[in-house]
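Note sheet for the following structure.
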Amino acid sequence: MGSSKTNPGNFFEDFKLGQVLYHATPRTITEGDVSLYTALYGGRFALQSADSFALDCGLQAAPVDDLLVFHIVFGKTVPDISLNAVANLGYADVKFIAPVYPGDSVQTTSEVIGLKENSNGKTGVVYVRSTGVNQMGEVVLDYVRWVMVRKKDPSAAAPETVLPELPETVDPAAFFVPSQFDVSRYDTALAGSVHLFEDYEVGEKIDHVDGMTIEEAEHMLATRLYQNTAKVHFNQHMMKDDRMGRRLIYGGHIISLVRSLSFNGLGNALFVAAINGGSHTAPTFAGDTIYAWSEVLDKADVPGRTDLGALRIRSLGVKNQTCADFPDKAEDGKRDPSVVLDLDCWVILPKATIEV
Amino acid sequence: MGSSKTNPGNFFEDFKLGQVLYHATPRTITEGDVSLYTALYGGRFALQSADSFALDCGLQAAPVDDLLVFHIVFGKTVPDISLNAVANLGYADVKFIAPVYPGDSVQTTSEVIGLKENSNGKTGVVYVRSTGVNQMGEVVLDYVRWVMVRKKDPSAAAPETVLPELPETVDPAAFFVPSQFDVSRYDTALAGSVHLFEDYEVGEKIDHVDGMTIEEAEHMLATRLYQNTAKVHFNQHMMKDDRMGRRLIYGGHIISLVRSLSFNGLGNALFVAAINGGSHTAPTFAGDTIYAWSEVLDKADVPGRTDLGALRIRSLGVKNQTCADFPDKAEDGKRDPSVVLDLDCWVILPKATIEV
Amino acid sequence: MGSSKTNPGNFFEDFKLGQVLYHATPRTITEGDVSLYTALYGGRFALQSADSFALDCGLQAAPVDDLLVFHIVFGKTVPDISLNAVANLGYADVKFIAPVYPGDSVQTTSEVIGLKENSNGKTGVVYVRSTGVNQMGEVVLDYVRWVMVRKKDPSAAAPETVLPELPETVDPAAFFVPSQFDVSRYDTALAGSVHLFEDYEVGEKIDHVDGMTIEEAEHMLATRLYQNTAKVHFNQHMMKDDRMGRRLIYGGHIISLVRSLSFNGLGNALFVAAINGGSHTAPTFAGDTIYAWSEVLDKADVPGRTDLGALRIRSLGVKNQTCADFPDKAEDGKRDPSVVLDLDCWVILPKATIEV
């Protein structure tokens, strides 16, 4: 007697506009997760590293790294949204809305906000807005993601095409900074960088210099920590028959590595306020060494704050090539094949008005 | 001047019937251990994942995964029981008696309950009942294990043969469920499965679908986390001269992987109440991909509870082969060589009387 | 437009005698770090493993392993002291001054206490005393380290040569043991060894027997956990062009492995009171198996304590060779090439006056 109690995931025709999915497995984020995150990426941002530093900034404790929160909130959506995905096409309008502290529990819901069947009739694109909330019901993170999903039954009728309106960048007016957050005692020596908001100019490019090689055990530990169940990351027995013959590394692992590498040049980028968009432009595999560089795209004030500013930063992750030459698009418009990540974020820095 | 201060372990002739061994290294189990356990196996059972979910179930916090407790309690016995073991033959009557929460400290004692010298005069089988207690002296786990141990001196006299009576299965009357545990607000959406106790039938087989490849770093991190000192898991310089030329993976690592994979099909199996028995039927090595399938052997009520039921589940761990065909014994009675674990457990699920 | 906001590190001519460096990234050490440390090295010292055991010894909780504190305090100095180092030449006068408990935050400052330009005019030796303090401003660790650092500008004038006076061993009078620490209820069964201070003799050698193979993922997880940014540990793309073609393992990883292996023979060596000196005598790489042996160099009383004694222990880490023959220097004075670490420590043990 067989069983059909396993999760087949949703296929394109299973998604309906306006549908809300309640994702499984709430998760308490603990100091253990924070330590593992440090061990996986080696982050050195002072605010997330030490309670003592966070207390000096008016917070109750060192907040959990924004991207660790992102990965955990995201991981919950995989079994319902992307188990039958052909490709993770992009995300937009990612807003970090409330700090998460060790001990907080998060869970995720998603709403289907767009649908478009592809002309081949075999796949379609699903747009969802996913929302992570904490144990008090407060939203901590909100973002849009779209994926290409297989149809189970090619003869299923196509839904009406609805494409959500998505902002090209998150409006700085939407940034959330805790009101108690206070940089009047911010110590740039402890933070590890003297370069504050005013020191950066639009157009400035920063080679983050350092490189980090990824091992299979590392990306799998990370991806399981996020309870992300996408098979391609874990199952070499299956992937040996894939085109590349290798396990794929979770794209979010590269985002976190690049963020960590960016400390060398952006040490006072305390928070990620928003992710405007991002593409995983090439796959990465164990053995690849990731370098990174960033470009300042824009600068903005933070509403209600004279002591903080926001930089819009485009960060590129690059594999097996140093970034002194800022690898990007070639003259023919083709992307340098070493680029694996193209990420567009807003980060928050103290302004020079602080006493240093 | 040499020293003899290192632990030689006990040999068969060192064990006496009724002897009690007080094992070293008490251990506080923390949120750090829980995070590592999640990173190692990717478990998604909601009760163990989130304090918020556990509080909704009447518990004080997310309890530590039963098998993490098992591995830590077990690990302490290795230096005294199995350092000179030829083979870990089996376990039986494994009962999870009290929940363990982060912050609890456990330690282990063992009593020798059976002895049988082998006819070759070189080895013998030792049966021990091992008991893990917490810092309040409460028993949290109790189990019987038997191992084949070398004699140091082949001329040592054989002890009287005493074989303990062991139950084929743990009697459901012996199950422990905390009285405050309450599933009246159990949320199957958050739990990740709609299938409750009544939905399973004796004889039903479940292919857990997913596979997980194991790296050397992963199983060694796990086994050290459990302070299990068996040399075969850690020392490639020694193992290169072994028959297989490889480090062996701790059998408990496979048990935890299989339990984690079983979420896909048994998502509401909240607790492991008991392990009736288990065999590691073939060794596993780094690079192996583990799949799993389960069969429902029996169903039982839980004493004093109308809201919970118990499933007796036989779970098989299988290497480098998917389980759609439920690999097991062939017609000639020989076990499929891909099967590496054959485990017989009781797990607890909510009954459908709960509001969902 | 390029940027020069990344940390170039200090070159030899940047260091001035008496200069104080405030190192970045304060760090809260948590239960998560402790769990990872256990998973990385498999330590079994009871005092650091269980709150219950530590409470029985009069402490408020299990203290953080001394060497974990060392690595974290040390890691902060790397970006300022040794980013342009040619070689890490040695350390001396390492004193563990106050216990660190999970939740404590540490930060590090260093003072330049010696300078000597090398005759080649291209490099020089920098001596620093580094001090780790907790969130109350209490010193927890103090040590001297010297490194050979490149000059950026070979024509820069040589500083006056100043060499600090360094003790060959830390004076036992300087040992710190918490006054509330009390071994009257010390349980040698739980500790895992019956061998107390009086049982060790000067000249005694101990083969710690066990071996542990290191994987790339393991040493990189460890070194990132310590927020140590030395490039040679992480970047295979760069190191493939190095003489050895491999990532180098952080020397401190070997120190912790050797300390962990030393449990088998020194199970009651509760604390590391001091490190008198140490050399990493050969590099180690992933795939190496580390064994260890120790020799008792001296014994001392602990000031103000009749219940504790100190052993001066020389511990050798050895790669890919067992230590039954105590590999060391050959008759021609050359070091056995398998020796990778030569470490000279003071450790604290209970005296036999305790009730056992």
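Ordering of the structure tokens sets the chain letters (A, B, ...); residue numbers start at 1 within each chain; ligands are numbered from 1 in the order shown.
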Determine, counting only C-alpha atoms, which protein, DNA and RNA residues have an atom within 8 Å of an atom of segment 276-287 of chain C; residues of the same chain fewer than 4 positions away are not included. Present the result as a ChimeraX atom specification. /C:89-94,167-170,213-216,246-249,251,319,337-346
Would you save the residues from that selection as an mmCIF file, in the first residue's frame, using N, CA and C atoms?
```cif
data_model
loop_
_atom_site.group_PDB
_atom_site.id
_atom_site.type_symbol
_atom_site.label_atom_id
_atom_site.label_comp_id
_atom_site.auth_asym_id
_atom_site.auth_seq_id
_atom_site.Cartn_x
_atom_site.Cartn_y
_atom_site.Cartn_z
ATOM 1 N N LEU C 89 55.637 34.891 14.782
ATOM 2 C CA LEU C 89 56.874 34.311 15.331
ATOM 3 C C LEU C 89 56.690 33.638 16.687
ATOM 4 N N GLY C 90 55.792 34.160 17.504
ATOM 5 C CA GLY C 90 55.634 33.502 18.795
ATOM 6 C C GLY C 90 54.721 34.274 19.707
ATOM 7 N N TYR C 91 54.374 33.647 20.840
ATOM 8 C CA TYR C 91 53.701 34.379 21.901
ATOM 9 C C TYR C 91 54.277 33.967 23.241
ATOM 10 N N ALA C 92 54.069 34.837 24.190
ATOM 11 C CA ALA C 92 54.627 34.610 25.521
ATOM 12 C C ALA C 92 53.754 35.324 26.537
ATOM 13 N N ASP C 93 53.902 34.921 27.783
ATOM 14 C CA ASP C 93 53.274 35.615 28.904
ATOM 15 C C ASP C 93 51.760 35.713 28.723
ATOM 16 N N VAL C 94 51.180 34.624 28.268
ATOM 17 C CA VAL C 94 49.726 34.579 28.051
ATOM 18 C C VAL C 94 49.059 34.213 29.371
ATOM 19 N N PRO C 167 59.111 36.924 30.111
ATOM 20 C CA PRO C 167 59.428 35.816 31.018
ATOM 21 C C PRO C 167 59.490 34.502 30.235
ATOM 22 N N GLU C 168 60.403 33.637 30.625
ATOM 23 C CA GLU C 168 60.438 32.337 29.957
ATOM 24 C C GLU C 168 59.189 31.538 30.323
ATOM 25 N N THR C 169 58.764 31.671 31.569
ATOM 26 C CA THR C 169 57.476 31.081 31.948
ATOM 27 C C THR C 169 56.718 32.100 32.781
ATOM 28 N N VAL C 170 55.404 31.962 32.762
ATOM 29 C CA VAL C 170 54.573 32.805 33.616
ATOM 30 C C VAL C 170 54.769 32.353 35.057
ATOM 31 N N THR C 213 41.359 13.964 12.210
ATOM 32 C CA THR C 213 41.624 14.463 10.866
ATOM 33 C C THR C 213 40.857 15.765 10.648
ATOM 34 N N ILE C 214 41.498 16.713 9.996
ATOM 35 C CA ILE C 214 40.899 18.047 9.812
ATOM 36 C C ILE C 214 40.399 18.210 8.376
ATOM 37 N N GLU C 215 39.195 18.729 8.258
ATOM 38 C CA GLU C 215 38.619 19.054 6.952
ATOM 39 C C GLU C 215 38.672 20.567 6.707
ATOM 40 N N GLU C 216 38.683 20.963 5.444
ATOM 41 C CA GLU C 216 38.696 22.396 5.103
ATOM 42 C C GLU C 216 37.532 23.133 5.779
ATOM 43 N N ARG C 246 47.998 25.322 -1.065
ATOM 44 C CA ARG C 246 46.888 24.934 -0.192
ATOM 45 C C ARG C 246 46.565 26.061 0.775
ATOM 46 N N ARG C 247 45.333 26.046 1.282
ATOM 47 C CA ARG C 247 45.011 26.924 2.390
ATOM 48 C C ARG C 247 45.755 26.448 3.643
ATOM 49 N N LEU C 248 46.322 27.378 4.376
ATOM 50 C CA LEU C 248 46.971 27.062 5.658
ATOM 51 C C LEU C 248 45.924 27.019 6.765
ATOM 52 N N ILE C 249 46.081 26.115 7.676
ATOM 53 C CA ILE C 249 45.179 26.064 8.831
ATOM 54 C C ILE C 249 45.692 27.010 9.914
ATOM 55 N N GLY C 251 46.948 28.377 13.138
ATOM 56 C CA GLY C 251 47.700 27.664 14.172
ATOM 57 C C GLY C 251 46.890 27.425 15.430
ATOM 58 N N LYS C 319 51.605 15.587 13.187
ATOM 59 C CA LYS C 319 50.680 15.246 12.111
ATOM 60 C C LYS C 319 51.023 13.907 11.459
ATOM 61 N N PRO C 337 59.994 16.118 11.541
ATOM 62 C CA PRO C 337 59.146 16.939 10.653
ATOM 63 C C PRO C 337 57.655 16.732 10.865
ATOM 64 N N SER C 338 57.291 15.714 11.605
ATOM 65 C CA SER C 338 55.859 15.513 11.861
ATOM 66 C C SER C 338 55.336 16.445 12.958
ATOM 67 N N VAL C 339 56.241 17.057 13.717
ATOM 68 C CA VAL C 339 55.796 17.951 14.799
ATOM 69 C C VAL C 339 55.325 19.270 14.204
ATOM 70 N N VAL C 340 54.111 19.671 14.560
ATOM 71 C CA VAL C 340 53.567 20.920 14.013
ATOM 72 C C VAL C 340 53.349 21.984 15.076
ATOM 73 N N LEU C 341 53.321 21.574 16.329
ATOM 74 C CA LEU C 341 53.070 22.524 17.425
ATOM 75 C C LEU C 341 53.912 22.139 18.618
ATOM 76 N N ASP C 342 54.518 23.129 19.240
ATOM 77 C CA ASP C 342 55.275 22.916 20.472
ATOM 78 C C ASP C 342 54.817 23.990 21.448
ATOM 79 N N LEU C 343 53.997 23.581 22.410
ATOM 80 C CA LEU C 343 53.275 24.531 23.260
ATOM 81 C C LEU C 343 53.630 24.291 24.721
ATOM 82 N N ASP C 344 53.852 25.360 25.440
ATOM 83 C CA ASP C 344 54.283 25.293 26.841
ATOM 84 C C ASP C 344 53.250 26.043 27.689
ATOM 85 N N CYS C 345 52.507 25.293 28.507
ATOM 86 C CA CYS C 345 51.381 25.863 29.261
ATOM 87 C C CYS C 345 51.473 25.551 30.745
ATOM 88 N N TRP C 346 50.781 26.303 31.529
ATOM 89 C CA TRP C 346 50.451 25.921 32.903
ATOM 90 C C TRP C 346 48.969 25.549 32.941
#
```
Would you pick out the contacts of His253 of chain C at 12 Å or less, using only C-alpha atoms, so that residues sharing its chain but fewer than 6 positions from it are not included, and give the list as a ChimeraX atom specification? /C:37,40-41,67-68,70-72,75,212,214-216,218-226,228,233,259-260,280,283-286,290,317,340-341
Expected answer as a ChimeraX atom specification: chain B residues within 7 Å of chain A, only C-alpha atoms: /B:31-32,35,38-42,44-46,49-53,189-192,203-206,208,211-213,215,217-218,264-265,289,320
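Using only C-alpha atoms, the protein and nucleic acid residues lying no more than 8 Å from Pro63 of chain B, apart from those fewer than 5 places from it along its own chain, are B:Leu47, B:Gln48, B:Ala54, B:Pro99, B:Val100, B:Tyr101, B:Pro102.
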Please produce an output containing N, CA and C atoms for each residue in the selection, written as an mmCIF file, in the first residue's frame.
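New file part14.cif:
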```
data_model
loop_
_atom_site.group_PDB
_atom_site.id
_atom_site.type_symbol
_atom_site.label_atom_id
_atom_site.label_comp_id
_atom_site.auth_asym_id
_atom_site.auth_seq_id
_atom_site.Cartn_x
_atom_site.Cartn_y
_atom_site.Cartn_z
ATOM 1 N N LEU B 47 7.338 21.609 16.669
ATOM 2 C CA LEU B 47 7.419 21.663 18.131
ATOM 3 C C LEU B 47 8.841 21.914 18.598
ATOM 4 N N GLN B 48 9.809 21.302 17.934
ATOM 5 C CA GLN B 48 11.210 21.456 18.326
ATOM 6 C C GLN B 48 11.837 22.703 17.705
ATOM 7 N N ALA B 54 5.671 25.720 20.693
ATOM 8 C CA ALA B 54 5.685 24.896 21.904
ATOM 9 C C ALA B 54 4.834 25.525 23.008
ATOM 10 N N PRO B 99 10.941 15.525 28.942
ATOM 11 C CA PRO B 99 11.484 16.448 27.942
ATOM 12 C C PRO B 99 12.742 17.124 28.473
ATOM 13 N N VAL B 100 13.622 17.444 27.572
ATOM 14 C CA VAL B 100 14.831 18.208 27.894
ATOM 15 C C VAL B 100 14.698 19.564 27.226
ATOM 16 N N TYR B 101 14.989 20.619 27.979
ATOM 17 C CA TYR B 101 14.943 21.975 27.450
ATOM 18 C C TYR B 101 16.346 22.559 27.416
ATOM 19 N N PRO B 102 16.589 23.496 26.518
ATOM 20 C CA PRO B 102 17.896 24.151 26.534
ATOM 21 C C PRO B 102 18.209 24.693 27.932
#
```
May I have all residues of segment 28-153 of chain B that DSSP, computed from the backbone, assigns to alpha helix (DSSP H), given as a ChimeraX atom specification? /B:31-41,46-49,51-56,66-75
Point-to-point distance from atom CA of Leu270 of chain C to atom CA of Ile348 of chain C, Å rounded to tenths: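 A separation of 5.8 Å between them.
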What does the distance from atom CA of Gly309 of chain C to atom CA of Phe175 of chain C come to in Å, to one decimal? 10.8 Å
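Within 9 Å of Pro154 of chain B, once only C-alpha atoms are used and residues closer than 2 positions along the same chain are dropped, the contacting residues are Gly121, Lys122, Thr123, Arg150, Lys151, Lys152, Ala156 and Ala157 of chain B.
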How would the residues just chosen look if you wrote them out with N, CA and C atoms as a compact mmCIF listing (two decimals), in the first residue's frame?
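Result written to selection_17.txt:
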```txt
# COMPACT_ATOMS: atom_id res chain seq x y z
N GLY B 121 36.22 -17.39 22.50
CA GLY B 121 37.04 -17.04 23.67
C GLY B 121 37.78 -15.72 23.55
N LYS B 122 37.55 -15.00 22.47
CA LYS B 122 38.27 -13.75 22.27
C LYS B 122 37.41 -12.51 22.49
N THR B 123 36.12 -12.73 22.43
CA THR B 123 35.20 -11.60 22.55
C THR B 123 33.99 -12.05 23.36
N ARG B 150 36.06 -6.88 22.84
CA ARG B 150 37.24 -7.76 22.88
C ARG B 150 37.62 -8.11 24.31
N LYS B 151 38.16 -9.31 24.50
CA LYS B 151 38.85 -9.62 25.75
C LYS B 151 40.28 -9.10 25.63
N LYS B 152 40.82 -8.63 26.73
CA LYS B 152 42.22 -8.24 26.72
C LYS B 152 43.08 -9.48 26.89
N ALA B 156 41.33 -15.13 30.35
CA ALA B 156 40.46 -14.75 31.46
C ALA B 156 39.23 -15.65 31.45
N ALA B 157 38.79 -16.01 32.66
CA ALA B 157 37.66 -16.95 32.77
C ALA B 157 36.39 -16.32 32.21
```
Could you state the separation of atom CA of Pro178 of chain A and atom CA of Gly132 of chain A in Å, given to one decimal place?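 Here the two named atoms are 17.4 Å from each other.
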